[in-house]
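Chemist: Could you have a look at this structure, given as structure tokens, before my questions?
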Amino acid sequence: MAQAQQELTEFVIRKAFEPVMRAKADGKSEADRKALEHVQQATRAEIERYRGYSSAQEVATNFKRDLSSEPAKKLHAQLRRLHLPTIEDIREDFDDKAGKLGVKASS
């Protein structure tokens with residue numbers, strides 16, 4: 001199951017987190033530059049958190065929680081304002097991938 005955990009983790013990182021980390025502050029207002037710096041710092045922490053999960057089920061469960069937690073909702077709003085992807089944008093693809101790997105999130 002370690003393979004499934006790695007696949008799901010890298011999927012989230014590649015689809016949702018890497019675009020945030022690659023975003024440039026060029027041409028943005030001071031407020032947007034500060035917001036970008038904040039979301040990149042939060043995204044770095046998310047990457048480390050996802051890489052620390054010990055099972056595919058843990059990845060799936062926390063992905064689901066991250067869709068609706070209050071801190072995540074605030075971060076998603078900032079990301080949308082900066083025209084960057086959120087994990088909400090990849091929810092269906094994540095669910096499809098998890099299903100194909102036989103992984104279910106616990107409630």
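Ligands are numbered from 1 in the order shown, chains are lettered A, B, ... in the order of the structure tokens, and residues start at 1 in each chain.
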Contacts of Ala98 in chain A at 9 Å or less, counting only C-alpha atoms, minus same-chain residues fewer than 5 places along, as a PDB file with N, CA and C atoms, in the first residue's frame?

Modeler:
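Contents of result08.pdb, freshly written:
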ATOM      1  N   ALA A   4       0.521   3.140  -3.230  1.00  0.00           N
ATOM      2  CA  ALA A   4      -0.698   3.945  -3.355  1.00  0.00           C
ATOM      3  C   ALA A   4      -0.550   5.256  -2.583  1.00  0.00           C
ATOM      4  N   LEU A   8      -0.787   8.898  -4.426  1.00  0.00           N
ATOM      5  CA  LEU A   8      -1.768   9.920  -4.057  1.00  0.00           C
ATOM      6  C   LEU A   8      -1.080  11.195  -3.576  1.00  0.00           C
ATOM      7  N   ALA A  56      -2.002   5.367   2.434  1.00  0.00           N
ATOM      8  CA  ALA A  56      -2.853   5.969   1.404  1.00  0.00           C
ATOM      9  C   ALA A  56      -4.186   6.406   2.003  1.00  0.00           C
ATOM     10  N   GLN A  57      -4.710   5.622   2.935  1.00  0.00           N
ATOM     11  CA  GLN A  57      -5.976   5.988   3.585  1.00  0.00           C
ATOM     12  C   GLN A  57      -5.815   7.298   4.363  1.00  0.00           C
ATOM     13  N   ALA A  60      -5.944  10.106   1.860  1.00  0.00           N
ATOM     14  CA  ALA A  60      -7.315  10.327   1.396  1.00  0.00           C
ATOM     15  C   ALA A  60      -8.176  10.983   2.474  1.00  0.00           C
ATOM     16  N   ASP A  93     -10.646  14.333  -9.759  1.00  0.00           N
ATOM     17  CA  ASP A  93      -9.510  13.533 -10.236  1.00  0.00           C
ATOM     18  C   ASP A  93      -8.879  12.753  -9.087  1.00  0.00           C
ATOM     19  N   VAL A 103      -8.497   2.926  -2.549  1.00  0.00           N
ATOM     20  CA  VAL A 103      -8.314   3.656  -1.293  1.00  0.00           C
ATOM     21  C   VAL A 103      -9.588   4.426  -0.973  1.00  0.00           C
ATOM     22  N   LYS A 104     -10.035   4.273   0.265  1.00  0.00           N
ATOM     23  CA  LYS A 104     -11.203   5.022   0.731  1.00  0.00           C
ATOM     24  C   LYS A 104     -10.799   5.852   1.936  1.00  0.00           C
ATOM     25  N   ALA A 105     -11.354   7.054   2.007  1.00  0.00           N
ATOM     26  CA  ALA A 105     -11.110   7.918   3.160  1.00  0.00           C
ATOM     27  C   ALA A 105     -11.977   7.442   4.309  1.00  0.00           C
TER      28      ALA A 105
END

Chemist: Step one, run DSSP on the backbone; step two, keep only residues of chain A assigned to helix (DSSP H, G or I); then write them as a compact mmCIF listing (two decimals) with C-alpha atoms, in the first residue's frame.

Modeler:
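Result went into states.txt, see below:
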# COMPACT_ATOMS: atom_id res chain seq x y z
CA ALA A 2 3.05 2.29 0.26
CA GLN A 3 2.89 2.66 -3.53
CA ALA A 4 -0.70 3.94 -3.36
CA GLN A 5 0.26 6.38 -0.58
CA GLN A 6 3.13 7.73 -2.67
CA GLU A 7 0.98 7.98 -5.82
CA LEU A 8 -1.77 9.92 -4.06
CA THR A 9 0.69 12.21 -2.28
CA GLU A 10 2.62 13.01 -5.45
CA PHE A 11 -0.65 13.51 -7.36
CA VAL A 12 -1.81 16.21 -4.91
CA ILE A 13 1.62 17.84 -4.87
CA ARG A 14 1.94 17.84 -8.67
CA LYS A 15 -1.60 19.01 -9.45
CA ALA A 16 -2.36 21.47 -6.65
CA PHE A 17 0.78 22.42 -4.75
CA GLU A 18 3.54 22.72 -7.37
CA PRO A 19 1.68 25.37 -9.43
CA VAL A 20 1.43 27.48 -6.27
CA MET A 21 5.12 27.03 -5.52
CA ARG A 22 6.09 27.98 -9.10
CA GLU A 30 2.40 44.64 -2.98
CA ALA A 31 -0.69 43.10 -1.37
CA ASP A 32 -0.72 40.25 -3.90
CA ARG A 33 3.02 39.67 -3.42
CA LYS A 34 2.49 39.34 0.33
CA ALA A 35 -0.52 37.06 -0.22
CA LEU A 36 1.52 34.91 -2.60
CA GLU A 37 4.34 34.67 -0.09
CA HIS A 38 1.83 33.59 2.57
CA VAL A 39 0.15 30.92 0.41
CA GLN A 40 3.54 29.59 -0.69
CA GLN A 41 4.64 29.28 2.93
CA ALA A 42 1.40 27.47 3.80
CA THR A 43 1.78 25.25 0.72
CA ARG A 44 5.32 24.27 1.73
CA ALA A 45 3.90 23.13 5.08
CA GLU A 46 1.15 21.21 3.29
CA ILE A 47 3.66 19.40 1.10
CA GLU A 48 5.61 18.30 4.16
CA ARG A 49 2.42 17.25 5.91
CA TYR A 50 1.28 15.14 2.96
CA ARG A 51 4.70 13.54 2.64
CA ALA A 56 -2.85 5.97 1.40
CA GLN A 57 -5.98 5.99 3.59
CA GLU A 58 -4.40 8.72 5.74
CA VAL A 59 -3.73 10.78 2.60
CA ALA A 60 -7.31 10.33 1.40
CA THR A 61 -8.84 11.06 4.80
CA ASN A 62 -6.83 14.25 5.27
CA PHE A 63 -7.48 15.35 1.69
CA LYS A 64 -11.22 15.15 2.44
CA ARG A 65 -10.77 17.06 5.71
CA ASP A 66 -8.72 19.70 3.92
CA LEU A 67 -11.61 20.37 1.56
CA SER A 68 -13.80 21.67 4.37
CA GLU A 70 -11.86 26.47 8.19
CA PRO A 71 -8.11 27.15 7.74
CA ALA A 72 -8.21 25.41 4.35
CA LYS A 73 -11.25 27.43 3.23
CA LYS A 74 -9.39 30.66 4.02
CA LEU A 75 -6.32 29.46 2.13
CA HIS A 76 -8.47 28.35 -0.84
CA ALA A 77 -10.05 31.81 -0.99
CA GLN A 78 -6.60 33.43 -1.12
CA LEU A 79 -5.45 30.99 -3.80
CA ARG A 80 -8.52 31.70 -5.93
CA ARG A 81 -7.99 35.44 -5.60
CA ILE A 87 -7.25 20.99 -3.85
CA GLU A 88 -10.94 21.63 -4.55
CA ASP A 89 -9.99 21.95 -8.22
CA ILE A 90 -8.59 18.41 -8.27
CA ARG A 91 -11.21 16.76 -6.04
CA GLU A 92 -12.84 14.66 -8.78
CA ASP A 93 -9.51 13.53 -10.24
CA PHE A 94 -8.26 12.68 -6.74
CA ASP A 95 -11.42 10.66 -6.03
CA ASP A 96 -11.01 8.80 -9.33
CA LYS A 97 -7.35 8.04 -8.63
CA ALA A 98 -8.06 6.92 -5.06
CA GLY A 99 -10.89 4.70 -6.31
CA LYS A 100 -8.67 3.07 -8.91

Chemist: What's the separation between CA of Leu82 in chain A and CA of Ser69 in chain A, in Å to one decimal place?

Modeler: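 The value is 20.0 Å.
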